[in-house]
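S.K.: One structure follows; several queries about it will come next.
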Amino acid sequence: WKAWATGIPKCIDAESEDDLTPDVRFDCEKKWDFNQSLLYVIKKLSLEKLVRIARSWDDLEAFEHIFCALPKSPIAEYIKEHWTEDVFFGHQFMNGANPRMIERCRDLPSNFAVHGNMVQAFLHSKTTLDKELEAGNIYLVDYAILDGIPGNVINGKQQYIAAPLCLLYEHPDKGLIPIAIQLEQNPTKDTPIFLPNDRPLAWLLAKMWVRHAEFQIFEVLSHLLRTHLIAEVFCVATLRQLPAVHPIYKLLIPHLKYTLEINCRARTGLISSNGIFKQAVSTGGDGLLRLAQKEYNLLTYRSLQPYCDLRDRDVSKLNKYFYRDHSLLLWDSIEKFVSSIVSLYYKSDHEVLQDAELQAWIKDMVEEGFANASNFGLPNELHNEQELITLLSVIIFTSSAQHAAINNGQFDFCSWVFNTPCTMRQPPPTDKDSVTMDLILSTLPDINQSCIEVAITYLLGRFTKYS
């Protein structure tokens with residue numbers, strides 16, 4: 001074990017992938033595929049000239065020249081045409097690249113200065129905000145965890161981070177739509193509440209700030225921390241404590257393949273002090289680690305179990321939440337398979353408790369890998385078959401289905417950069433009437449940053465036969 005940084009899960013004791021043993025390295029084909037560097041990807045995507053230009057886009061349409069040269073994605077093509085629409089904005093909270101943030105809202109947060117009259121025009125006729133809250137038709141996405149995270153400095157220029165609150169309404173005719181956005185967690189009397197009937201550019205910029213927050217949470221927390229770094233703990237404990245002949249080792253190892261090398265490469269090339277995130281992402285540098293530390297302190301084992309997570313967010317009745325429906329189907333299949341394997345080797349709870357290698361495995365995982373995760377809630381001992389089945393299902397689900405749900409759509413949802421900007425170069429607006437297209441263009445990622453976002457989300461999110 002090694003602590004790459006304090007306040008996050010421990011990792012393999014390796015400075016780079018070159019320190020890993022051959023049995024956990026990429027095979028030749030996978031290595032060749034992955035060694036296509038970012039510069040190669042930029043060249044492949046015809047971005048090699050534009051990536052050198054560190055100025056704002058002339059207009060939103062100028063990005064189409066890049067977009068037309070990108071690999072074709074039906075989802076990305078749809079986003080290009082519909083990204084400004086409120087209905088699609090709502091859809092992405094359920095079925096986009098980061099579908100785990102939305103939760104039902106029964107009471108408005110005290111720091112969200114919304115009242116019924118503000119949003120009445122966006123509700124169905126003959127209803128009120130209070131009635132819709134009581135009926136369970138109001139949802140909230142709260143980015144409080146971003147509050148206080150320092151913004152990156154790129155090429156000497158300050159980047160900015162907001163911690164928005166976004167209120168959504170499940171309209172009986174339109175589906176899930178945003179009805180109010182606040183860009184600060186600690187509002188003053190002058191803090192604006194952005195509404196759908198504001199001037200179109202003001203409402204659009206507010207939604208862009210929410211989508212920018214989505215990018216930070218999606219890449220740093222949902223993707224890096226909650227799949228990659230957690231899977232590495234499972235992997236290291238398995239390799240350290242379970243012999244290769246142990247049935248649980250045999251069950252898990254196919255799902256943990258390449259975990260160590262991909263994470264080593266991320267630490268040296270993606271999230272290092274001079275890595276790709278530092279070059280183009282607003283949480284790059286110190287912000288990334290601070291954000292991961294805040295989330296790790298709140299992280300629970302329960303939240304990795306889809307039934308528990310969805311129940312805690314109270315989203316069982318949300319229509320067209322396909323991530324929910326599909327993740328539960330996959331969880332059920334995984335748990336059924338795991339249960340059948342466990343029952344072959346363990347005939348009683350006592351046998352689980354008496355398996356010294358298994359108990360050493362869970363103890364190492366909890367006391368070393370997840371050390372200092374004060375709220376994680378995973379016991380350091382397995383008492384029965386069901387506890388073992390649940391843990392194994394979490395490991396397999398996290399490493400396969402959950403990672404795929406988060407990772408594989410990132411190019412689709414980020415290649416039209418304005419839909420999910422990686423950074424913001426101006427602070428959040430404090431005056432709705434001051435929002436102009438010039439302000440929007442000077443806020444969004446510049447040409448260089450846009451090219452890097454397109455290239456890195458393509459490199460990370462593309463599906464290959466070696467994936």
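Residues in the structure tokens are numbered from 1 in each chain, the chains being A, B, ... in the order shown, and ligands are numbered from 1 in the order shown.
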Just want the 8 Å neighbourhood of stretch 20-27 of chain A, counted on only C-alpha atoms, with same-chain residues fewer than 2 positions away dropped. Output as a ChimeraX atom specification.
M.R.: /A:14,16-18,29-31,257-258,260-261
S.K.: Extract the full set of helix (DSSP H, G or I) residues from stretch 284-411 of chain A according to DSSP on the backbone, and format it as a ChimeraX atom specification.
M.R.: /A:286-298,302-304,306-313,322-345,349-354,356-369,385-407,410-411
S.K.: Have a look at A:Leu60, A:Leu330, A:Val141, A:Ile161 and name the one nearest to A:His212; count only C-alpha atoms.
M.R.: A:Ile161
S.K.: Name the closest residue to A:Trp416 among the candidates A:Ala231, A:Leu70, A:Ile389, A:Leu441; distances are taken between atoms, counting only C-alpha atoms.
M.R.: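 Among the listed residues, A:Leu70 lies closest to A:Trp416.
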S.K.: For stretch 370-381 of chain A, please output as a list in words all residues within 6 Å (counting only C-alpha atoms; exclusion window: fewer than 6 positions along the same chain).
M.R.: Pro9, Asn297, Leu298, Leu299, Thr300, Tyr301, Gln359, Ile362 and Lys363 of chain A
S.K.: Residues of the last selection are to be written out with C-alpha atoms, as an mmCIF file, in the first residue's frame.
M.R.:
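The new file selection.cif reads:
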data_model
loop_
_atom_site.group_PDB
_atom_site.id
_atom_site.type_symbol
_atom_site.label_atom_id
_atom_site.label_comp_id
_atom_site.auth_asym_id
_atom_site.auth_seq_id
_atom_site.Cartn_x
_atom_site.Cartn_y
_atom_site.Cartn_z
ATOM 1 C CA PRO A 9 -8.055 5.876 -0.711
ATOM 2 C CA ASN A 297 -14.807 12.057 3.881
ATOM 3 C CA LEU A 298 -18.514 11.692 3.018
ATOM 4 C CA LEU A 299 -18.273 8.467 1.025
ATOM 5 C CA THR A 300 -20.338 5.512 2.249
ATOM 6 C CA TYR A 301 -20.307 1.840 1.334
ATOM 7 C CA GLN A 359 -11.054 -12.292 6.769
ATOM 8 C CA ILE A 362 -11.589 -7.637 4.249
ATOM 9 C CA LYS A 363 -9.444 -6.439 7.148
#
S.K.: Using atom CA of A:Leu289 and atom CA of A:Ile12 as the two end points, give the distance in Å to one decimal.
M.R.: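 About the pair atom CA of A:Leu289 and atom CA of A:Ile12: they are 17.8 Å apart.
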S.K.: Go through A:Gly90, A:His403, A:Leu353, A:Leu459 and flag the residue nearest A:Leu39, using only C-alpha atoms for the distances.
M.R.: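 Of all the options, A:Leu459 lies closest to A:Leu39.
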S.K.: Where does stretch 198-285 of chain A meet stretch 96-120 of chain A within 8 Å, residue by residue, with the nearest atom pair and distance in Å to one decimal for each, counting only C-alpha atoms, listed by chain and rising number, as a Markdown table?
M.R.:
| residue | atom | partner | partner_atom | distance |
| --- | --- | --- | --- | --- |
| A:Glu214 | CA | A:Asn98 | CA | 7.2 |
| A:Ile217 | CA | A:Asn98 | CA | 8.0 |
| A:Phe218 | CA | A:Asn98 | CA | 5.4 |
| A:Ser222 | CA | A:Asn98 | CA | 7.0 |
S.K.: Neighbours of A:Ser415 within 9 Å (only C-alpha atoms; same-chain residues fewer than 6 positions away dropped), as JSON, numbers by chain?
M.R.: {"A": [67, 70, 76, 450, 453, 454, 455, 457, 458]}
S.K.: Go ahead and write the selection's residues with C-alpha atoms as a PDB file, in the first residue's frame.
M.R.:
ATOM      1  CA  PHE A  67     -17.146  19.139 -34.377  1.00  0.00           C
ATOM      2  CA  LEU A  70     -14.810  14.385 -34.900  1.00  0.00           C
ATOM      3  CA  ALA A  76     -23.260  13.968 -29.806  1.00  0.00           C
ATOM      4  CA  SER A 450     -11.866  23.070 -25.868  1.00  0.00           C
ATOM      5  CA  GLU A 453     -11.486  18.542 -23.552  1.00  0.00           C
ATOM      6  CA  VAL A 454     -12.542  16.924 -26.824  1.00  0.00           C
ATOM      7  CA  ALA A 455      -9.315  14.934 -27.087  1.00  0.00           C
ATOM      8  CA  THR A 457     -12.831  12.650 -23.348  1.00  0.00           C
ATOM      9  CA  TYR A 458     -12.371  10.801 -26.637  1.00  0.00           C
TER      10      TYR A 458
END
S.K.: Under the rule that only C-alpha atoms are counted, which of A:Ser339, A:Ser327, A:Asn186, A:Asn448 is the nearest residue to A:Leu388?
M.R.: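 Looking only at the distances to A:Leu388, the closest residue turns out to be A:Ser339.
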S.K.: Restricting the calculation to only C-alpha atoms, which member of A:Ser340, A:Gln410, A:Thr84, A:Asn152 is positioned closest to A:Ser273?
M.R.: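 Closest to A:Ser273, using only C-alpha atoms: A:Asn152.
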S.K.: If you run DSSP on the backbone here, which positions in stretch 90-310 of chain A get strand (DSSP E or B)? Please write them as a list in words.
M.R.: Glu103, Arg104, Ile138, Tyr139, Leu140, Val141, Asp142, Val153, Ile154, Lys157, Gln158, Leu165, Cys166, Leu167, Leu168, Tyr169, Glu170, His171, Gly175, Leu176, Ile177, Pro178, Ile179, Ala180, Ile181, Gln182 and Phe194 of chain A
S.K.: Write out the residues from the selection above, keeping C-alpha atoms, as a CSV table (one decimal), in the first residue's frame.
M.R.:
chain,number,residue,atom,x,y,z
A,103,GLU,CA,-32.6,13.6,-5.7
A,104,ARG,CA,-36.2,14.3,-4.7
A,138,ILE,CA,-39.8,18.6,-7.4
A,139,TYR,CA,-36.2,17.5,-7.6
A,140,LEU,CA,-32.9,19.1,-6.6
A,141,VAL,CA,-29.3,18.9,-7.8
A,142,ASP,CA,-27.0,20.5,-5.2
A,153,VAL,CA,-4.7,28.9,-12.8
A,154,ILE,CA,-4.0,28.1,-16.5
A,157,LYS,CA,-5.1,33.2,-15.8
A,158,GLN,CA,-7.5,32.4,-13.0
A,165,LEU,CA,-28.3,24.6,-6.8
A,166,CYS,CA,-30.7,23.6,-9.6
A,167,LEU,CA,-34.4,23.0,-8.9
A,168,LEU,CA,-36.2,20.8,-11.4
A,169,TYR,CA,-39.9,20.0,-11.9
A,170,GLU,CA,-41.3,16.8,-13.3
A,171,HIS,CA,-43.9,18.4,-15.6
A,175,GLY,CA,-41.0,15.8,-18.3
A,176,LEU,CA,-38.1,16.9,-16.1
A,177,ILE,CA,-37.3,20.6,-16.6
A,178,PRO,CA,-35.2,23.1,-14.7
A,179,ILE,CA,-37.3,25.9,-13.0
A,180,ALA,CA,-34.7,27.8,-10.9
A,181,ILE,CA,-30.9,28.0,-10.7
A,182,GLN,CA,-28.8,29.7,-8.0
A,194,PHE,CA,-32.0,32.5,-12.7
S.K.: Would you mind listing what lies within 8 Å of stretch 1-6 of chain A as a compact mmCIF listing (two decimals) with N, CA and C atoms, in the first residue's frame, with only C-alpha atoms counted and same-chain residues fewer than 6 positions away left out?
M.R.:
# COMPACT_ATOMS: atom_id res chain seq x y z
N ILE A 12 -1.70 1.30 -4.94
CA ILE A 12 -0.58 0.39 -5.07
C ILE A 12 0.73 1.15 -4.85
N ASP A 13 1.69 0.50 -4.23
CA ASP A 13 2.99 1.12 -3.98
C ASP A 13 3.83 1.06 -5.25
N ALA A 14 3.57 1.99 -6.15
CA ALA A 14 4.28 2.06 -7.42
C ALA A 14 4.33 3.51 -7.87
N VAL A 236 -5.92 -4.19 -4.88
CA VAL A 236 -4.70 -4.38 -4.09
C VAL A 236 -4.94 -5.36 -2.95
N GLN A 293 -10.89 14.82 -1.57
CA GLN A 293 -10.82 14.65 -0.12
C GLN A 293 -12.16 14.93 0.54
N GLU A 368 -6.51 -0.68 5.78
CA GLU A 368 -5.42 -0.09 5.01
C GLU A 368 -5.96 0.73 3.83
N GLY A 369 -6.65 0.06 2.92
CA GLY A 369 -7.10 0.75 1.70
C GLY A 369 -8.05 1.90 1.97
S.K.: May I ask which of the residues A:Ala360, A:Leu444, A:Leu256, A:Met365 is the closest one to A:Ser399, counting only C-alpha atoms?
M.R.: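 Once distances to A:Ser399 are computed over only C-alpha atoms, the minimum belongs to A:Leu256.
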S.K.: Which residues come within 8 Å of A:Asn384, counting only C-alpha atoms, excluding same-chain residues fewer than 2 positions away, as a VMD selection string?
M.R.: chain A and resid 348 to 350 352 to 353 382 386 to 388
S.K.: Which residues are close to A:Gln426, i.e. within 7 Å by only C-alpha atoms, leaving aside same-chain residues fewer than 6 positions away? Reply as a ChimeraX atom specification.
M.R.: /A:159-160,442-443
S.K.: By how many Å are atom CA of A:Ile276 and atom CA of A:His91 apart?
M.R.: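 Going from atom CA of A:Ile276 over to atom CA of A:His91, I get 29.0 Å.
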